[in-house]
Structure formats: structure tokens, C-alpha cells
>>> print(open('start-v2.txt').read())   # compact mmCIF, C-alpha atoms and all ligand atoms
# COMPACT_ATOMS: atom_id res chain seq x y z
CA MET A 1 38.38 -26.80 5.91
CA ARG A 2 39.87 -23.30 5.63
CA ILE A 3 37.75 -20.28 4.76
CA LEU A 4 39.40 -17.04 3.73
CA LEU A 5 37.51 -13.98 4.97
CA TYR A 6 38.15 -10.47 3.68
CA ARG A 7 36.17 -7.49 4.93
CA GLY A 8 36.97 -4.11 3.38
CA ASP A 9 35.51 -2.41 6.47
CA GLY A 10 37.94 -4.28 8.74
CA ILE A 11 35.08 -5.55 10.94
CA THR A 12 35.91 -9.23 11.05
CA GLU A 13 35.34 -10.41 14.62
CA PRO A 14 31.54 -11.01 14.45
CA TRP A 15 31.90 -12.74 11.06
CA VAL A 16 34.63 -15.04 12.37
CA ARG A 17 32.49 -15.82 15.42
CA ASP A 18 29.38 -16.64 13.36
CA PHE A 19 31.27 -18.78 10.83
CA SER A 20 33.12 -20.61 13.62
CA ASN A 21 29.85 -21.33 15.44
CA ALA A 22 28.20 -22.63 12.28
CA LEU A 23 31.23 -24.60 11.06
CA PRO A 24 33.16 -25.58 14.21
CA HIS A 25 35.67 -27.67 12.27
CA ALA A 26 36.57 -24.88 9.83
CA GLU A 27 39.47 -22.52 10.27
CA ILE A 28 38.56 -18.93 9.40
CA VAL A 29 41.57 -17.15 7.92
CA VAL A 30 41.22 -13.38 8.05
CA TRP A 31 43.05 -11.78 5.12
CA ARG A 32 44.24 -8.20 5.32
CA GLU A 33 45.82 -6.00 2.64
CA GLY A 34 49.54 -6.75 2.25
CA MET A 35 49.27 -10.30 3.65
CA SER A 36 50.52 -13.32 1.72
CA LEU A 37 49.07 -16.74 2.42
CA ALA A 38 51.59 -18.50 0.16
CA ALA A 39 53.31 -20.28 3.04
CA GLN A 40 50.02 -21.51 4.53
CA PRO A 41 47.80 -24.43 3.50
CA ARG A 42 45.34 -23.49 0.74
CA CYS A 43 41.93 -22.06 1.58
CA ASP A 44 38.92 -24.03 0.34
CA TYR A 45 36.49 -21.13 0.08
CA ALA A 46 36.63 -17.34 0.11
CA VAL A 47 34.06 -14.95 1.57
CA THR A 48 34.39 -11.34 0.52
CA TRP A 49 32.52 -8.33 -0.75
CA ALA A 50 34.51 -5.86 -2.86
CA PRO A 51 37.95 -7.47 -3.21
CA THR A 52 41.17 -5.66 -4.01
CA PRO A 53 43.59 -6.81 -6.76
CA ALA A 54 45.94 -8.17 -4.08
CA LEU A 55 43.19 -10.43 -2.75
CA LEU A 56 42.71 -12.01 -6.18
CA ASP A 57 46.19 -13.55 -5.93
CA GLN A 58 45.04 -15.45 -2.84
CA LEU A 59 41.95 -16.87 -4.56
CA ALA A 60 43.57 -19.00 -7.24
CA HIS A 61 42.86 -22.35 -5.56
CA VAL A 62 39.55 -21.84 -3.75
CA LYS A 63 36.55 -24.00 -4.73
CA ALA A 64 34.13 -21.05 -4.74
CA ILE A 65 34.01 -17.35 -3.95
CA PHE A 66 31.04 -16.25 -1.83
CA LEU A 67 29.97 -12.62 -1.92
CA THR A 68 28.32 -11.04 1.09
CA GLY A 69 25.96 -9.03 -1.10
CA ALA A 70 23.58 -9.36 -4.06
CA GLY A 71 25.46 -7.14 -6.54
CA VAL A 72 28.45 -8.72 -8.22
CA ASP A 73 29.91 -5.83 -10.22
CA ALA A 74 32.66 -5.10 -7.67
CA LEU A 75 34.07 -8.58 -8.29
CA LEU A 76 33.25 -9.14 -11.98
CA LYS A 77 35.10 -5.93 -12.91
CA PHE A 78 38.31 -7.98 -12.51
CA GLY A 79 37.27 -10.04 -15.57
CA ASP A 80 39.85 -12.60 -16.67
CA ALA A 81 41.96 -11.98 -13.57
CA LEU A 82 39.35 -13.94 -11.58
CA PRO A 83 39.98 -17.64 -11.01
CA PRO A 84 37.61 -19.93 -12.97
CA VAL A 85 35.62 -21.00 -9.91
CA PRO A 86 31.94 -20.45 -9.09
CA ILE A 87 31.11 -16.98 -7.82
CA VAL A 88 28.10 -17.09 -5.53
CA ARG A 89 26.00 -14.06 -4.59
CA LEU A 90 23.67 -13.84 -1.61
CA GLY A 91 20.11 -14.72 -2.44
CA ASP A 92 17.46 -12.74 -0.60
CA ALA A 93 19.03 -13.13 2.88
CA GLY A 94 16.74 -10.45 4.34
CA MET A 95 17.50 -7.87 1.66
CA ALA A 96 14.24 -8.13 -0.31
CA GLU A 97 12.13 -7.00 2.64
CA GLN A 98 14.38 -4.00 3.26
CA MET A 99 14.33 -3.09 -0.43
CA ALA A 100 10.54 -3.36 -0.56
CA GLU A 101 10.21 -1.11 2.52
CA TYR A 102 12.52 1.49 1.02
CA VAL A 103 10.78 1.61 -2.35
CA ALA A 104 7.29 1.56 -0.79
CA TYR A 105 8.26 4.54 1.37
CA ALA A 106 9.80 6.48 -1.53
CA THR A 107 6.75 5.76 -3.70
CA LEU A 108 4.18 6.81 -1.10
CA ARG A 109 6.23 9.85 -0.11
CA TYR A 110 6.19 11.17 -3.66
CA PHE A 111 2.66 9.99 -4.48
CA ARG A 112 1.18 11.61 -1.33
CA ARG A 113 3.34 14.73 -1.90
CA PHE A 114 5.15 14.53 1.44
CA ASP A 115 8.25 15.88 -0.33
CA ASP A 116 6.31 19.02 -1.35
CA TYR A 117 4.79 19.36 2.11
CA GLU A 118 8.21 19.04 3.75
CA LEU A 119 9.49 21.93 1.59
CA GLN A 120 6.34 24.00 2.25
CA ALA A 121 6.52 23.39 5.99
CA ARG A 122 10.13 24.66 6.15
CA GLN A 123 8.80 27.94 4.70
CA GLY A 124 5.73 28.07 6.96
CA ILE A 125 3.36 27.52 4.02
CA TRP A 126 -0.08 25.91 4.65
CA ASN A 127 -1.26 24.93 1.21
CA PRO A 128 -3.16 21.74 0.34
CA LEU A 129 -1.95 20.57 -3.09
CA PRO A 130 -4.03 18.70 -5.72
CA ARG A 131 -4.14 14.98 -4.98
CA ARG A 132 -2.67 12.46 -7.37
CA ASP A 133 -4.78 9.61 -8.71
CA LYS A 134 -3.42 6.09 -8.27
CA ALA A 135 -4.99 4.91 -11.52
CA ASP A 136 -2.76 7.41 -13.38
CA PHE A 137 0.34 6.61 -11.38
CA THR A 138 2.08 3.61 -12.88
CA VAL A 139 5.19 2.36 -11.11
CA GLY A 140 7.74 0.80 -13.45
CA VAL A 141 10.40 -1.53 -12.07
CA LEU A 142 13.58 -2.09 -14.10
CA GLY A 143 14.85 -5.57 -13.21
CA LEU A 144 12.62 -8.42 -12.02
CA GLY A 145 15.14 -10.45 -10.06
CA ARG A 146 15.50 -11.73 -6.52
CA LEU A 147 15.02 -8.23 -5.14
CA GLY A 148 13.12 -6.61 -8.01
CA MET A 149 10.15 -9.01 -7.85
CA PRO A 150 9.40 -8.50 -4.14
CA VAL A 151 9.61 -4.73 -4.71
CA LEU A 152 7.14 -4.96 -7.59
CA ARG A 153 4.75 -7.15 -5.56
CA THR A 154 4.82 -4.73 -2.61
CA VAL A 155 4.06 -1.71 -4.76
CA ARG A 156 1.26 -3.63 -6.47
CA GLN A 157 -0.23 -4.55 -3.09
CA LEU A 158 -0.36 -0.83 -2.29
CA GLY A 159 -2.73 -0.50 -5.24
CA PHE A 160 -0.47 1.05 -7.88
CA PRO A 161 -0.61 -0.12 -11.50
CA VAL A 162 2.76 -1.80 -12.11
CA ARG A 163 4.94 -2.64 -15.07
CA GLY A 164 8.24 -4.45 -15.14
CA TRP A 165 11.21 -4.65 -17.52
CA SER A 166 13.64 -7.54 -17.77
CA ARG A 167 16.01 -9.10 -20.29
CA SER A 168 13.96 -12.25 -20.87
CA ALA A 169 10.21 -12.12 -21.57
CA ARG A 170 7.87 -12.63 -18.59
CA ASP A 171 4.18 -13.25 -18.15
CA LEU A 172 3.15 -12.09 -14.67
CA PRO A 173 -0.50 -11.73 -13.65
CA GLY A 174 -1.43 -8.09 -13.01
CA VAL A 175 1.89 -6.78 -14.32
CA GLU A 176 2.52 -5.18 -17.71
CA CYS A 177 5.69 -6.96 -18.77
CA TYR A 178 8.33 -5.56 -21.12
CA ALA A 179 11.55 -7.25 -22.20
CA GLY A 180 14.70 -6.18 -23.98
CA MET A 181 16.15 -2.89 -25.21
CA GLU A 182 13.60 -2.60 -28.02
CA ALA A 183 10.77 -2.38 -25.45
CA LEU A 184 12.48 0.06 -23.09
CA ASP A 185 11.19 3.30 -24.61
CA ASP A 186 7.56 2.08 -24.47
CA PHE A 187 8.08 0.91 -20.89
CA LEU A 188 9.45 4.33 -19.89
CA ALA A 189 6.76 6.30 -21.73
CA GLY A 190 4.04 4.91 -19.43
CA THR A 191 5.96 5.04 -16.14
CA GLN A 192 5.22 7.78 -13.59
CA LEU A 193 7.61 6.46 -10.97
CA LEU A 194 10.66 4.54 -12.16
CA VAL A 195 12.46 2.14 -9.82
CA CYS A 196 15.91 0.93 -10.90
CA MET A 197 16.64 -2.59 -9.62
CA LEU A 198 19.10 -3.70 -12.30
CA PRO A 199 22.52 -5.27 -11.84
CA LEU A 200 25.42 -3.14 -13.10
CA THR A 201 26.66 -4.67 -16.37
CA PRO A 202 28.09 -3.18 -19.58
CA GLU A 203 24.49 -3.04 -20.94
CA THR A 204 23.08 -1.22 -17.91
CA THR A 205 25.94 1.24 -17.38
CA ASN A 206 24.62 4.75 -18.22
CA LEU A 207 21.30 3.15 -19.23
CA LEU A 208 19.39 6.06 -17.72
CA ASP A 209 20.88 8.90 -19.73
CA ARG A 210 19.24 12.07 -21.01
CA ALA A 211 17.54 10.33 -23.95
CA ARG A 212 16.04 7.53 -21.85
CA LEU A 213 15.05 9.73 -18.91
CA SER A 214 13.39 12.10 -21.39
CA ARG A 215 11.12 9.24 -22.46
CA LEU A 216 9.49 9.32 -19.04
CA PRO A 217 6.36 11.48 -18.94
CA ARG A 218 6.80 15.03 -17.65
CA GLY A 219 6.67 15.03 -13.85
CA ALA A 220 7.97 11.47 -13.48
CA TYR A 221 10.02 10.49 -10.45
CA LEU A 222 13.12 8.26 -10.16
CA VAL A 223 14.07 5.87 -7.37
CA ASN A 224 17.52 4.31 -7.80
CA VAL A 225 18.45 1.54 -5.41
CA ALA A 226 20.67 -0.47 -7.76
CA ARG A 227 23.98 1.14 -8.80
CA GLY A 228 24.91 4.78 -9.35
CA ALA A 229 26.68 4.16 -12.68
CA GLN A 230 23.35 3.21 -14.27
CA VAL A 231 22.31 6.88 -14.16
CA ALA A 232 24.04 9.67 -16.06
CA GLU A 233 24.07 12.00 -13.06
CA PRO A 234 24.49 15.36 -14.91
CA ASP A 235 21.62 14.37 -17.25
CA LEU A 236 19.33 13.58 -14.32
CA LEU A 237 20.17 16.87 -12.64
CA ALA A 238 19.56 18.84 -15.87
CA LEU A 239 16.16 17.17 -16.38
CA ILE A 240 15.15 17.86 -12.77
CA ARG A 241 16.18 21.51 -13.10
CA ALA A 242 14.29 21.75 -16.39
CA GLY A 243 11.17 20.35 -14.66
CA HIS A 244 10.88 17.25 -16.84
CA ILE A 245 11.76 14.94 -13.93
CA ALA A 246 10.03 15.96 -10.70
CA GLY A 247 12.70 14.57 -8.40
CA ALA A 248 14.57 11.51 -7.31
CA THR A 249 15.29 9.34 -4.30
CA LEU A 250 18.81 7.99 -4.70
CA ASP A 251 20.53 5.39 -2.55
CA VAL A 252 23.48 4.74 -4.86
CA PHE A 253 25.94 7.00 -6.66
CA ARG A 254 28.76 6.80 -9.18
CA ASN A 255 31.22 7.77 -6.45
CA GLU A 256 30.48 6.67 -2.90
CA PRO A 257 30.49 8.31 -0.42
CA LEU A 258 28.88 11.03 -2.56
CA PRO A 259 31.61 13.72 -2.65
CA ALA A 260 31.01 16.93 -0.67
CA PRO A 261 30.80 19.34 -3.65
CA HIS A 262 28.39 17.12 -5.64
CA PRO A 263 25.42 19.21 -6.89
CA PHE A 264 22.94 16.52 -5.76
CA TRP A 265 23.52 17.61 -2.15
CA SER A 266 22.05 21.05 -2.74
CA GLU A 267 19.14 20.00 -4.97
CA PRO A 268 16.03 19.95 -2.73
CA ARG A 269 14.16 17.64 -5.13
CA ILE A 270 16.76 14.92 -4.66
CA THR A 271 16.59 12.76 -1.54
CA ILE A 272 19.90 11.10 -0.70
CA THR A 273 20.52 8.01 1.42
CA PRO A 274 23.99 6.45 1.93
CA HIS A 275 23.59 3.06 0.19
CA ILE A 276 21.39 1.58 2.91
CA SER A 277 18.29 0.48 1.03
CA ALA A 278 19.12 -3.19 1.69
CA ILE A 279 22.07 -3.87 3.92
CA THR A 280 23.63 -7.28 4.40
CA LEU A 281 22.30 -9.00 7.52
CA ARG A 282 25.29 -10.89 8.86
CA GLU A 283 23.48 -13.78 10.55
CA GLU A 284 21.34 -14.50 7.46
CA ALA A 285 24.36 -14.15 5.18
CA VAL A 286 26.51 -16.55 7.20
CA GLN A 287 23.65 -19.06 7.48
CA GLN A 288 23.13 -18.99 3.73
CA ILE A 289 26.83 -19.27 2.84
CA VAL A 290 27.38 -22.13 5.29
CA ALA A 291 24.37 -24.05 3.89
CA LYS A 292 25.83 -23.65 0.39
CA ILE A 293 29.32 -24.75 1.47
CA GLU A 294 27.77 -27.85 3.02
CA ARG A 295 25.91 -28.62 -0.20
CA LEU A 296 29.07 -28.14 -2.26
CA GLU A 297 30.98 -30.44 0.09
CA ARG A 298 28.29 -33.10 -0.49
CA GLY A 299 28.70 -32.58 -4.24
CA GLU A 300 25.24 -30.98 -4.61
CA ALA A 301 24.24 -28.05 -6.80
CA ILE A 302 23.64 -24.60 -5.28
CA ASP A 303 21.55 -21.55 -6.20
CA ASP A 304 22.75 -18.01 -6.81
CA VAL A 305 25.83 -18.89 -8.86
CA VAL A 306 26.66 -15.87 -10.99
CA ASP A 307 26.54 -16.22 -14.77
CA ARG A 308 29.75 -14.42 -15.75
CA ALA A 309 28.79 -14.03 -19.40
CA ARG A 310 25.51 -12.32 -18.43
CA GLY A 311 27.22 -10.26 -15.74
CA TYR A 312 24.75 -11.10 -12.93
P1 LIG A 401 19.00 -10.32 -10.04
O1 LIG A 401 20.30 -10.69 -10.65
O2 LIG A 401 18.24 -11.36 -9.25
O3 LIG A 401 18.00 -9.82 -11.19
C1 LIG A 401 18.39 -8.91 -12.17
C2 LIG A 401 17.20 -8.51 -13.02
O4 LIG A 401 17.62 -7.50 -13.93
C3 LIG A 401 16.63 -9.67 -13.84
O5 LIG A 401 15.24 -9.58 -13.92
C4 LIG A 401 17.25 -9.42 -15.22
O6 LIG A 401 16.50 -9.91 -16.31
C5 LIG A 401 17.29 -7.91 -15.25
N1 LIG A 401 18.31 -7.45 -16.20
C6 LIG A 401 19.65 -7.59 -16.11
N2 LIG A 401 20.26 -7.05 -17.19
C7 LIG A 401 19.28 -6.58 -17.97
C8 LIG A 401 19.27 -5.92 -19.21
N3 LIG A 401 20.40 -5.65 -19.89
N4 LIG A 401 18.09 -5.57 -19.74
C9 LIG A 401 16.94 -5.84 -19.08
N5 LIG A 401 16.88 -6.46 -17.88
C10 LIG A 401 18.04 -6.83 -17.33
O7 LIG A 401 19.24 -9.01 -9.16
P2 LIG A 401 18.60 -8.59 -7.75
O8 LIG A 401 17.15 -8.33 -7.93
O9 LIG A 401 18.98 -9.55 -6.69
O10 LIG A 401 19.41 -7.24 -7.45
C11 LIG A 401 19.46 -6.17 -8.37
C12 LIG A 401 20.59 -5.23 -8.01
O11 LIG A 401 20.27 -4.51 -6.83
C13 LIG A 401 21.92 -5.90 -7.65
O12 LIG A 401 22.62 -6.31 -8.81
C14 LIG A 401 22.63 -4.80 -6.90
O13 LIG A 401 23.41 -4.02 -7.78
C15 LIG A 401 21.49 -3.96 -6.34
N6 LIG A 401 21.50 -3.97 -4.88
C16 LIG A 401 21.57 -2.80 -4.20
C17 LIG A 401 21.57 -2.76 -2.82
C18 LIG A 401 21.57 -1.47 -2.08
O14 LIG A 401 21.67 -1.47 -0.85
N7 LIG A 401 21.42 -0.34 -2.71
C19 LIG A 401 21.53 -4.00 -2.04
C20 LIG A 401 21.40 -5.19 -2.85
C21 LIG A 401 21.41 -5.18 -4.21
P3 LIG A 401 16.18 -11.49 -16.49
O15 LIG A 401 15.13 -11.80 -15.45
O16 LIG A 401 15.66 -11.59 -17.85
O17 LIG A 401 17.47 -12.21 -16.25
>>> encode(input="start-v2.txt", output="C-alpha cells", more="lines below")
Ligand code: NDP
Amino acid sequence: MRILLYRGDGITEPWVRDFSNALPHAEIVVWREGMSLAAQPRCDYAVTWAPTPALLDQLAHVKAIFLTGAGVDALLKFGDALPPVPIVRLGDAGMAEQMAEYVAYATLRYFRRFDDYELQARQGIWNPLPRRDKADFTVGVLGLGRLGMPVLRTVRQLGFPVRGWSRSARDLPGVECYAGMEALDDFLAGTQLLVCMLPLTPETTNLLDRARLSRLPRGAYLVNVARGAQVAEPDLLALIRAGHIAGATLDVFRNEPLPAPHPFWSEPRITITPHISAITLREEAVQQIVAKIERLERGEAIDDVVDRARGY
């Protein structure tokens, strides 16, 4: 068996080692930009993250493409240029716990006003602020998927009222459930802290624009851990400056790394992290991909196959 590996960051050695240990009979073929594999035997599987157009030419004959992440937008953007083989995302693979930690921290930080106290402390101000009441602080999670559900459960366990929004209707105990575009405005109107956990698709691109963000109650807070292109960045900034949105914790941006002159950098009510809310854990990822390859080789079905028509 031959497995094509492409890593945009160029760090291939530990991946090759882990795959070779787990599949001693497989040959791991590291692909680099500019390389042609035409003269070599075909690869059976490909493992990649964000491929380049040149990589697509090497994928025509693989049996499946495995992504080393949960988001699939970086691959699906190639549309019809992709070979008609299963595209498989990572399932949880240790990401849900990280995501839940990140969102729990961002929620508590805003709810307990640590962001205000950090700003006050820098100015030497000792000033207890009015406390917020949990009963009036509903956390709304957009996207109830493999990562969205654990996030919602964690926030609920902290005692916050929670509501969730998905494409298909849900009935979850203790959660106010909303589904579809027609329910989005109502969902937003009762959300004090909005967590975006949606995949990036044509429907979710620019979903959080001025009109939608304005539906949130005055003083609402945004946590975006999904994809930057879901938020209209100038609209968010304008609403923060106007005081309608209190602030935001953002892990993802339209352009990454966030460019140096971007106004988000100098806005004290925006907390920026460099796309680290849930990083891929290599050992878990390799273990999961290998288990799926073994199932496919036995002719068995696997989870986490991307629905191309849906976009996630
Ligand atoms: P899933 O694919 O498991 O779930 C997606 C959820 O979003 C589902 O509940 C789905 O609804 C809902 N959804 C999708 N489209 C719509 C729509 N148009 N309207 C309403 N609801 C919609 O995703 P995950 O939970 O695994 O991950 C979410 C995203 O998080 C990833 O796509 C990725 O972009 C991002 N991510 C970010 C990371 C980071 O470090 N910042 C790391 C990992 C992932 P339904 O249930 O009805 O299908």
C-alpha cells in the first residue's frame, strides 16, 4: 500500500514515522510542490490538509482523501477539480475537548468581566463592576456537530442557559433548539454570547453580517472558532465601535495570519488568537486515519465521510 502525504508546513518526519509504525507494510510517499509522481506506482490513499492545485493532479487514482482536520472548506473549494473519491475529515480526534476549553474560557472571561478588569488594571483602576446574572446570559451555539455539541454541553454544565442552531431540526433536553435560516433571527435575538461553530459553506459565508449581528441584543459578545469568512469583519468592527456588540474573541480570520495593519489588532475589545482553538493532535489523527484505511481495505463503511453537496 502507498500513502501520499502532503504537509503544507513541510513538517513531515513525525507523520511519516507514526504512519510507518502503525502500518509497517505501507510506503509513505511525501509529496512536495513541483514533484510529479507520474513515473511511480499509484498511491492508494492521500493524507493532506489544505492542498494546492498541483497536488490535485496527483490524487486522480487514490481510493480516498483523508484530511488532517475537521474543516473541509480548503479542499472542497476545488469543486469539480476534485477526483470523485470519498473525502474523509477527522472526527473528534482530541479537538472537541480543546474547543470546549477555549469556548468555556472565553465565556467565563466575558461573563465574569475579566476583560474589563484587565483593561482597568492596565490603567491602575480599582473599580468593582456590576455582576452579570447567569439566568439572563444565554449562550447560543451556531452549529451542533462533532465539535459544536461538546462545546454546548460544556457551557451548559457551567450553568448557562443554552440554545443551539443547526440545519436540521433537533430535540435536545435542556437546549432551546432552532433550525434553518427562517429561525436564525429569533435564535440571535435571545443570545447574549454567540459561539460560531459552523462549517464554511456558500450558505455560511458572510452569515454574520451587519444585519444578523444587529439582531443580537445590545451588549452581546461573539466567539468565533469556526472560519473567518463567516463574519463580515468591517461590520463586526463597526458594531463594536458603536457599542452594540460588547466585544469578540476571535480565533479565525478571513486572511490568516491576520495582516499587520488589520484594525482588529488595535481594538481592545477584540481578543485575538492565531487559529489554535483546536489543533490537530498528530497521534490521534494518525490512529484514526489508519483505523479507517483498515476498514476500507476490509470493504467496511467508515464515519466522517464528507457530503460534498452539503459542503461538510
Ligand atoms: P460538523 O460538520 O460536525 O457540524 C456542522 C454543524 O453545523 C451541524 O450541526 C450542521 O447542521 C450545522 N450547519 C451547517 N451548515 C448549516 C447551515 N447552513 N445552517 C444551519 N446549520 C448549519 O462540524 P464540526 O462541529 O466538526 O466543526 C465545525 C467547524 O469548526 C469546522 O467545519 C471547522 O471549520 C471549524 N474548526 C475550527 C478549528 C479551529 O482551530 N479554529 C478546528 C476544527 C474545526 P446539521 O446538524 O443539521 O447538519
>>> axis_aligned_box(input="start-v2.txt", around="ligand LIG 401 (chain A)", padding_each_side="3 Å", output="JSON")
{"center_x": 19.3, "center_y": -6.3, "center_z": -10.4, "size_x": 14.3, "size_y": 17.9, "size_z": 25.0}
>>> atom_distance(input="start-v2.txt", atom1="atom CA of A:Ala183", atom2="atom CA of A:Gly71")
24.4 Å
>>> closest_residue(input="start-v2.txt", among="A:Lys292, A:Arg310, A:Arg241, A:Arg167", to="A:Leu184", atoms="only C-alpha atoms")
A:Arg167
>>> residues_near_ligand(input="start-v2.txt", ligand="ligand LIG 401 (chain A)", cutoff="6 Å", atoms="only C-alpha atoms and all ligand atoms", output="ChimeraX atom specification")
/A:70-71,143-148,165-168,180,197-200,203-204,225-227,251-252,275-279,312
>>> residues_around(input="start-v2.txt", residues="A:Pro257", least_positions_apart="3", cutoff="9 Å", atoms="all atoms listed in the file", output="JSON list (two decimals) with C-alpha atoms, in the coordinates of the input")
[["chain", "number", "residue", "atom", "x", "y", "z"],
["A", 253, "PHE", "CA", 25.94, 7.00, -6.66],
["A", 260, "ALA", "CA", 31.01, 16.93, -0.67],
["A", 274, "PRO", "CA", 23.99, 6.45, 1.93],
["A", 275, "HIS", "CA", 23.59, 3.06, 0.19]]
>>> closest_residue(input="start-v2.txt", among="A:Ala81, A:Val29, A:Leu250, A:Leu59", to="A:Ala229", atoms="all atoms listed in the file")
A:Leu250
>>> closest_residue(input="start-v2.txt", among="A:Leu194, A:Ala121, A:Leu239, A:Val286", to="A:Val16", atoms="all atoms listed in the file")
A:Val286
